[in-house]
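Colleague: My structure is stored as input.txt, with compact mmCIF, C-alpha atoms.
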# COMPACT_ATOMS: atom_id res chain seq x y z
CA MET B 641 0.00 0.00 0.00
CA ARG B 642 1.31 3.43 -0.90
CA SER B 643 1.74 5.85 1.96
CA TYR B 644 1.69 9.63 2.06
CA GLY B 645 3.68 9.49 5.28
CA GLN B 646 1.30 11.92 6.94
CA TYR B 647 -0.46 11.47 10.29
CA CYS B 648 -3.72 12.81 8.88
CA GLY B 649 -7.09 11.06 8.63
CA LEU B 650 -7.62 12.22 5.05
CA ALA B 651 -4.18 11.01 3.97
CA ARG B 652 -4.68 7.61 5.59
CA SER B 653 -8.17 7.29 4.09
CA LEU B 654 -6.80 8.04 0.64
CA GLU B 655 -4.12 5.41 1.13
CA VAL B 656 -7.00 2.90 1.27
CA VAL B 657 -9.59 4.23 -1.20
CA GLY B 658 -7.75 6.92 -3.16
CA ASP B 659 -6.49 4.75 -6.01
CA ARG B 660 -8.33 4.99 -9.32
CA TRP B 661 -11.48 2.82 -9.43
CA ASN B 662 -11.57 2.09 -5.70
CA LEU B 663 -14.48 4.37 -4.86
CA LEU B 664 -16.37 3.27 -7.97
CA ILE B 665 -16.04 -0.33 -6.81
CA VAL B 666 -17.45 0.76 -3.46
CA ARG B 667 -20.27 2.56 -5.32
CA GLN B 668 -21.25 -0.68 -7.02
CA LEU B 669 -21.24 -2.59 -3.75
CA LEU B 670 -23.32 0.10 -2.04
CA VAL B 671 -25.98 -0.56 -4.68
CA ALA B 672 -25.83 -4.33 -4.00
CA PRO B 673 -23.38 -7.17 -3.34
CA ALA B 674 -21.93 -8.31 -6.65
CA ARG B 675 -20.13 -11.18 -8.29
CA TYR B 676 -16.88 -10.51 -10.10
CA ARG B 677 -18.58 -10.55 -13.52
CA ASP B 678 -21.26 -8.14 -12.26
CA LEU B 679 -18.50 -5.73 -11.23
CA VAL B 680 -16.84 -5.98 -14.64
CA ASP B 681 -20.18 -5.17 -16.29
CA GLY B 682 -20.95 -2.36 -13.84
CA LEU B 683 -17.57 -0.65 -14.25
CA PRO B 684 -17.25 0.11 -17.98
CA GLY B 685 -13.61 0.67 -18.91
CA ILE B 686 -11.91 -1.22 -16.11
CA ALA B 687 -9.38 -3.92 -17.05
CA THR B 688 -10.13 -7.27 -15.44
CA ASN B 689 -6.62 -7.62 -14.00
CA LEU B 690 -6.88 -4.13 -12.48
CA LEU B 691 -10.26 -4.97 -10.95
CA ALA B 692 -8.76 -8.10 -9.40
CA ASP B 693 -5.90 -6.05 -7.96
CA ARG B 694 -8.23 -3.38 -6.55
CA LEU B 695 -10.53 -5.97 -4.98
CA ARG B 696 -7.55 -7.68 -3.36
CA ASP B 697 -6.30 -4.37 -1.95
CA LEU B 698 -9.75 -3.43 -0.63
CA GLU B 699 -10.15 -6.86 0.92
CA GLU B 700 -6.75 -6.69 2.61
CA SER B 701 -7.65 -3.24 3.96
CA GLY B 702 -10.91 -4.51 5.47
CA VAL B 703 -13.25 -2.57 3.17
CA VAL B 704 -14.53 -5.53 1.14
CA GLU B 705 -15.04 -9.19 1.91
CA ARG B 706 -16.00 -12.27 -0.07
CA ARG B 707 -18.89 -14.57 0.76
CA LEU B 708 -20.78 -17.41 -0.87
CA ALA B 709 -23.87 -16.27 -2.75
CA GLY B 710 -26.99 -18.07 -1.53
CA SER B 711 -26.62 -21.80 -1.12
CA GLY B 712 -24.26 -22.23 -4.08
CA SER B 713 -20.52 -22.03 -4.43
CA VAL B 714 -20.39 -18.74 -6.35
CA VAL B 715 -18.43 -16.00 -4.60
CA GLU B 716 -19.78 -12.47 -4.35
CA TYR B 717 -18.19 -9.33 -2.97
CA VAL B 718 -19.80 -7.31 -0.22
CA LEU B 719 -18.79 -4.30 1.84
CA THR B 720 -17.78 -4.87 5.43
CA PRO B 721 -19.59 -2.77 8.06
CA TRP B 722 -16.58 -0.42 8.03
CA GLY B 723 -16.64 -0.28 4.24
CA SER B 724 -20.37 0.54 4.30
CA GLU B 725 -19.55 3.69 6.26
CA LEU B 726 -18.21 5.10 2.99
CA ARG B 727 -21.83 5.73 1.93
CA GLU B 728 -21.92 9.13 3.62
CA PRO B 729 -18.73 10.58 2.04
CA ILE B 730 -19.66 9.12 -1.36
CA GLU B 731 -23.13 10.67 -1.17
CA SER B 732 -21.50 13.98 -0.24
CA LEU B 733 -19.28 13.75 -3.32
CA ILE B 734 -22.35 13.05 -5.47
CA ARG B 735 -24.01 16.21 -4.17
CA TRP B 736 -20.77 18.16 -4.66
CA SER B 737 -20.63 16.96 -8.28
CA THR B 738 -23.85 18.74 -9.33
CA PRO B 739 -22.10 21.52 -11.34
CA LEU B 740 -20.02 18.88 -13.12
CA MET B 741 -23.14 17.02 -14.26
CA VAL B 742 -24.82 19.98 -15.99
CA ARG B 743 -23.07 19.35 -19.29
CA GLY B 744 -24.74 15.94 -19.62
CA PRO B 745 -23.27 12.52 -20.39
CA ALA B 746 -21.90 13.25 -23.90
CA SER B 747 -20.07 9.98 -24.79
CA ASP B 748 -19.71 8.80 -21.19
CA SER B 749 -21.12 5.42 -20.16
CA PHE B 750 -24.23 5.30 -18.02
CA ARG B 751 -25.98 2.51 -16.15
CA PRO B 752 -29.44 3.13 -14.62
CA GLU B 753 -28.40 1.28 -11.44
CA TRP B 754 -26.16 4.26 -10.59
CA LEU B 755 -29.33 6.28 -9.96
CA ALA B 756 -29.99 4.01 -6.97
CA LEU B 757 -27.24 5.85 -5.11
CA ALA B 758 -27.34 9.26 -6.77
CA VAL B 759 -31.05 10.16 -6.61
CA PRO B 760 -31.52 9.45 -2.87
CA ALA B 761 -28.24 11.25 -2.11
CA LEU B 762 -29.49 14.36 -3.92
CA LEU B 763 -33.02 14.28 -2.50
CA ASP B 764 -32.32 13.34 1.11
CA LYS B 765 -30.58 16.63 1.94
CA ARG B 766 -33.07 18.75 0.01
CA VAL B 767 -36.57 17.34 0.34
CA LYS B 768 -38.65 16.58 3.42
CA VAL B 769 -41.00 13.65 2.81
CA ARG B 770 -44.50 14.52 3.96
CA ARG B 771 -46.28 11.40 2.74
CA ALA B 772 -45.27 8.06 1.26
CA ALA B 773 -45.23 7.91 -2.53
CA THR B 774 -43.99 5.69 -5.34
CA VAL B 775 -42.84 7.17 -8.63
CA GLY B 776 -41.81 4.99 -11.54
CA LEU B 777 -38.63 6.07 -13.32
CA ASP B 778 -38.57 5.00 -16.96
CA ILE B 779 -35.03 5.57 -18.24
CA GLY B 780 -34.98 4.40 -21.84
CA ASP B 781 -35.87 0.71 -21.66
CA GLN B 782 -35.02 0.48 -17.96
CA ARG B 783 -37.84 0.49 -15.40
CA LEU B 784 -37.01 1.66 -11.89
CA GLN B 785 -39.05 3.03 -9.03
CA LEU B 786 -38.44 5.79 -6.54
CA ARG B 787 -39.94 5.25 -3.09
CA ALA B 788 -40.38 8.20 -0.76
CA THR B 789 -41.07 7.36 2.89
CA ARG B 790 -40.54 8.98 6.26
CA ALA B 791 -37.22 7.12 6.40
CA GLY B 792 -36.04 8.81 3.19
CA PHE B 793 -35.73 7.87 -0.47
CA GLU B 794 -34.91 4.60 -2.16
CA VAL B 795 -34.45 3.72 -5.82
CA GLY B 796 -34.58 0.13 -7.07
CA PRO B 797 -36.15 -2.17 -9.64
CA GLN B 798 -39.90 -2.01 -10.04
CA ASP B 799 -41.45 -4.58 -7.73
CA GLY B 800 -45.06 -4.56 -8.86
CA ARG B 801 -46.17 -2.07 -6.22
CA GLU B 802 -48.81 0.43 -7.36
CA ARG B 803 -47.25 3.69 -8.54
CA ASP B 804 -48.68 7.14 -7.96
CA ALA B 805 -47.03 8.40 -11.14
CA THR B 806 -44.36 7.58 -13.69
CA LEU B 807 -41.61 9.92 -14.86
CA ARG B 808 -40.00 9.31 -18.26
CA ALA B 809 -36.74 11.15 -18.92
CA ASP B 810 -33.09 10.74 -19.79
CA PRO B 811 -30.82 10.26 -16.75
CA ALA B 812 -29.35 13.76 -16.96
CA TYR B 813 -32.79 15.30 -16.46
CA VAL B 814 -33.69 12.92 -13.63
CA LEU B 815 -30.48 13.97 -11.87
CA GLY B 816 -31.23 17.63 -12.59
CA LEU B 817 -34.66 17.32 -11.00
CA ALA B 818 -33.25 15.45 -8.00
CA ALA B 819 -30.55 18.09 -7.49
CA GLY B 820 -33.03 20.95 -7.77
CA ALA B 821 -31.08 22.32 -10.75
CA LEU B 822 -34.10 21.81 -13.04
CA THR B 823 -37.76 22.44 -12.27
CA LEU B 824 -40.47 20.17 -13.56
CA SER B 825 -42.10 23.15 -15.28
CA ASP B 826 -38.88 23.97 -17.12
CA ALA B 827 -38.42 20.31 -18.04
CA HIS B 828 -41.94 20.25 -19.50
CA ALA B 829 -41.26 23.46 -21.42
CA LEU B 830 -38.09 21.91 -22.88
CA GLY B 831 -39.98 18.74 -23.76
CA VAL B 832 -37.47 16.53 -21.95
CA VAL B 833 -39.81 14.76 -19.51
CA GLU B 834 -43.16 13.00 -19.60
CA VAL B 835 -45.32 12.37 -16.55
CA GLU B 836 -48.05 9.78 -16.39
CA GLY B 837 -50.37 9.70 -13.39
CA ASP B 838 -50.54 12.19 -10.54
CA GLU B 839 -48.10 14.96 -11.47
CA SER B 840 -48.55 16.63 -8.07
CA VAL B 841 -46.85 13.60 -6.48
CA VAL B 842 -43.84 14.02 -8.80
CA ARG B 843 -43.66 17.71 -7.92
CA THR B 844 -43.79 16.88 -4.22
CA VAL B 845 -41.15 14.13 -4.40
CA PHE B 846 -38.72 16.30 -6.35
CA ALA B 847 -39.71 19.48 -4.47
CA ALA B 848 -40.39 20.96 -7.91
Show the structure stored in the file as structure tokens.
Modeller:
Amino acid sequence: MRSYGQYCGLARSLEVVGDRWNLLIVRQLLVAPARYRDLVDGLPGIATNLLADRLRDLEESGVVERRLAGSGSVVEYVLTPWGSELREPIESLIRWSTPLMVRGPASDSFRPEWLALAVPALLDKRVKVRRAATVGLDIGDQRLQLRATRAGFEVGPQDGRERDATLRADPAYVLGLAAGALTLSDAHALGVVEVEGDESVVRTVFAA
């Protein structure tokens, strides 16, 4: 492990998670435990040998551990309790990134599962939930749902629960709404979103 040689919490944290790809691996495991192949698929651009090296380093540092998936013999990676504590600083970085996201994805890769971390991180610090609601998020051919409860926000696959409304938009506009950088009225005026169902619920969930 590289060392900055500084008795500083930030320096020692970066010695563990500061290498390229490390925090993105943690991002994937915050969404859900994953098998090696799932991590390769969820991290476009990473070389398989580099992923193996990073996983080994994170495991040796106590951030990640391996376990058997279900009753089979397939290994999956999961965050340790200490590794899971990285959720808060990662969510803070997501909120800090808002100005960097304005320019849109351009040619960058995008996976809808990344919204599972980003949307709650953006909404939790900005919106007070007054009543439970479920909003479908249709991102291209991907179907997700956003649940708002007194405990906060959660994004995951649609589970058959009745939805109050459905929002159809590209990911950049969903993130803009969640960050409060785009109002629903402006999005309608630009023709970049469609709402089916109770639009007042969407406005309430996104504090639009």
Colleague: Here is a test: counting only C-alpha atoms, which residue of B:Val657, B:Leu698, B:Leu757, B:Ile730 is nearest to Tyr717 (chain B)?
Modeller: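 Using only C-alpha atoms, Tyr717 (chain B) sits closest to B:Leu698.
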Colleague: What's the 8 Å shell around region 798-802 of chain B, counting only C-alpha atoms, without same-chain residues fewer than 3 positions away, as an MDAnalysis selection string?
Modeller: chainID B and resid 774 776 783:785
Colleague: Just checking: using all atoms listed in the file, which residue out of B:Val703, B:Val775, B:Leu690, B:Leu726 ends up closest to Arg808 (chain B)?
Modeller: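 Result for the nearest residue to Arg808 (chain B): B:Val775.
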Colleague: Can you list every residue of region 724-775 of chain B that has an atom at most 10 Å from region 659-683 of chain B, with its nearest atom pair and the distance in Å to one decimal, using only C-alpha atoms, ordered by chain then number, as JSON lines?
Modeller:
{"residue": "B:Ser724", "atom": "CA", "partner": "B:Leu670", "partner_atom": "CA", "distance": 7.0}
{"residue": "B:Glu725", "atom": "CA", "partner": "B:Leu670", "partner_atom": "CA", "distance": 9.8}
{"residue": "B:Leu726", "atom": "CA", "partner": "B:Val666", "partner_atom": "CA", "distance": 7.8}
{"residue": "B:Arg727", "atom": "CA", "partner": "B:Leu670", "partner_atom": "CA", "distance": 7.0}
{"residue": "B:Ile730", "atom": "CA", "partner": "B:Arg667", "partner_atom": "CA", "distance": 7.7}
{"residue": "B:Glu731", "atom": "CA", "partner": "B:Arg667", "partner_atom": "CA", "distance": 9.5}
{"residue": "B:Ser749", "atom": "CA", "partner": "B:Leu683", "partner_atom": "CA", "distance": 9.2}
{"residue": "B:Phe750", "atom": "CA", "partner": "B:Gly682", "partner_atom": "CA", "distance": 9.3}
{"residue": "B:Arg751", "atom": "CA", "partner": "B:Gly682", "partner_atom": "CA", "distance": 7.4}
{"residue": "B:Glu753", "atom": "CA", "partner": "B:Val671", "partner_atom": "CA", "distance": 7.4}
{"residue": "B:Trp754", "atom": "CA", "partner": "B:Val671", "partner_atom": "CA", "distance": 7.6}
{"residue": "B:Leu755", "atom": "CA", "partner": "B:Val671", "partner_atom": "CA", "distance": 9.3}
{"residue": "B:Ala756", "atom": "CA", "partner": "B:Val671", "partner_atom": "CA", "distance": 6.5}
{"residue": "B:Leu757", "atom": "CA", "partner": "B:Val671", "partner_atom": "CA", "distance": 6.5}
{"residue": "B:Ala758", "atom": "CA", "partner": "B:Arg667", "partner_atom": "CA", "distance": 9.8}
Colleague: Could you tell me how far CA of Leu695 (chain B) lies from CA of Tyr644 (chain B), in Å and to one decimal?
Modeller: 21.0 Å
Colleague: Would you compute the distance between CA of Leu763 (chain B) and CA of Ala847 (chain B)? Give it in Å to one decimal.
Modeller: 8.7 Å
Colleague: Please measure the separation of CA of Arg642 (chain B) and CA of Ser701 (chain B), giving the value in Å to one decimal.
Modeller: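 Separating CA of Arg642 (chain B) from CA of Ser701 (chain B) is a distance of 12.2 Å.
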Colleague: Nearest to Phe793 (chain B): which of B:Ala821, B:Val845, B:Leu740, B:Ala827 is it, counting only C-alpha atoms?
Modeller: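 Closest to Phe793 (chain B), using only C-alpha atoms: B:Val845.
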Colleague: List the spatial neighbours of Ala805 (chain B) as a list in words - criterion: any atom at most 10 Å away, only C-alpha atoms, same-chain residues fewer than 4 positions off excluded.
Modeller: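 Using only C-alpha atoms, the neighbours found are Ala773, Thr774, Val775, Gly776, Leu777, Gln785, Val835, Glu836, Gly837, Asp838, Glu839, Ser840, Val841 and Val842 of chain B.
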Colleague: For a quick check of your reading of the model, name the residues lying within 12 Å of the coordinate (-21.7, 15.9, -7.4), counting all atoms listed in the file, and write them as a list in words.
Modeller: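 Final list of nearby residues, as requested, is Pro729, Ile730, Glu731, Ser732, Leu733, Ile734, Arg735, Trp736, Ser737, Thr738, Pro739, Leu740, Met741, Val742, Leu757, Ala758, Val759, Ala761, Leu762, Leu815, Gly816, Ala818, Ala819 and Ala821 of chain B.
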Colleague: So which residues touch Arg707 (chain B) within 9 Å, counting all atoms listed in the file, skipping near sequence neighbours fewer than 2 positions away, as a list in words?
Modeller: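 Non-adjacent residues within range: Glu705, Ala709, Val714, Val715, Glu716, Tyr717 and Val718 of chain B.
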Colleague: With distances taken over all atoms listed in the file, which of B:Ala687, B:Ser643, B:Ser747, B:Pro797 is nearest to Gly658 (chain B)?
Modeller: B:Ser643
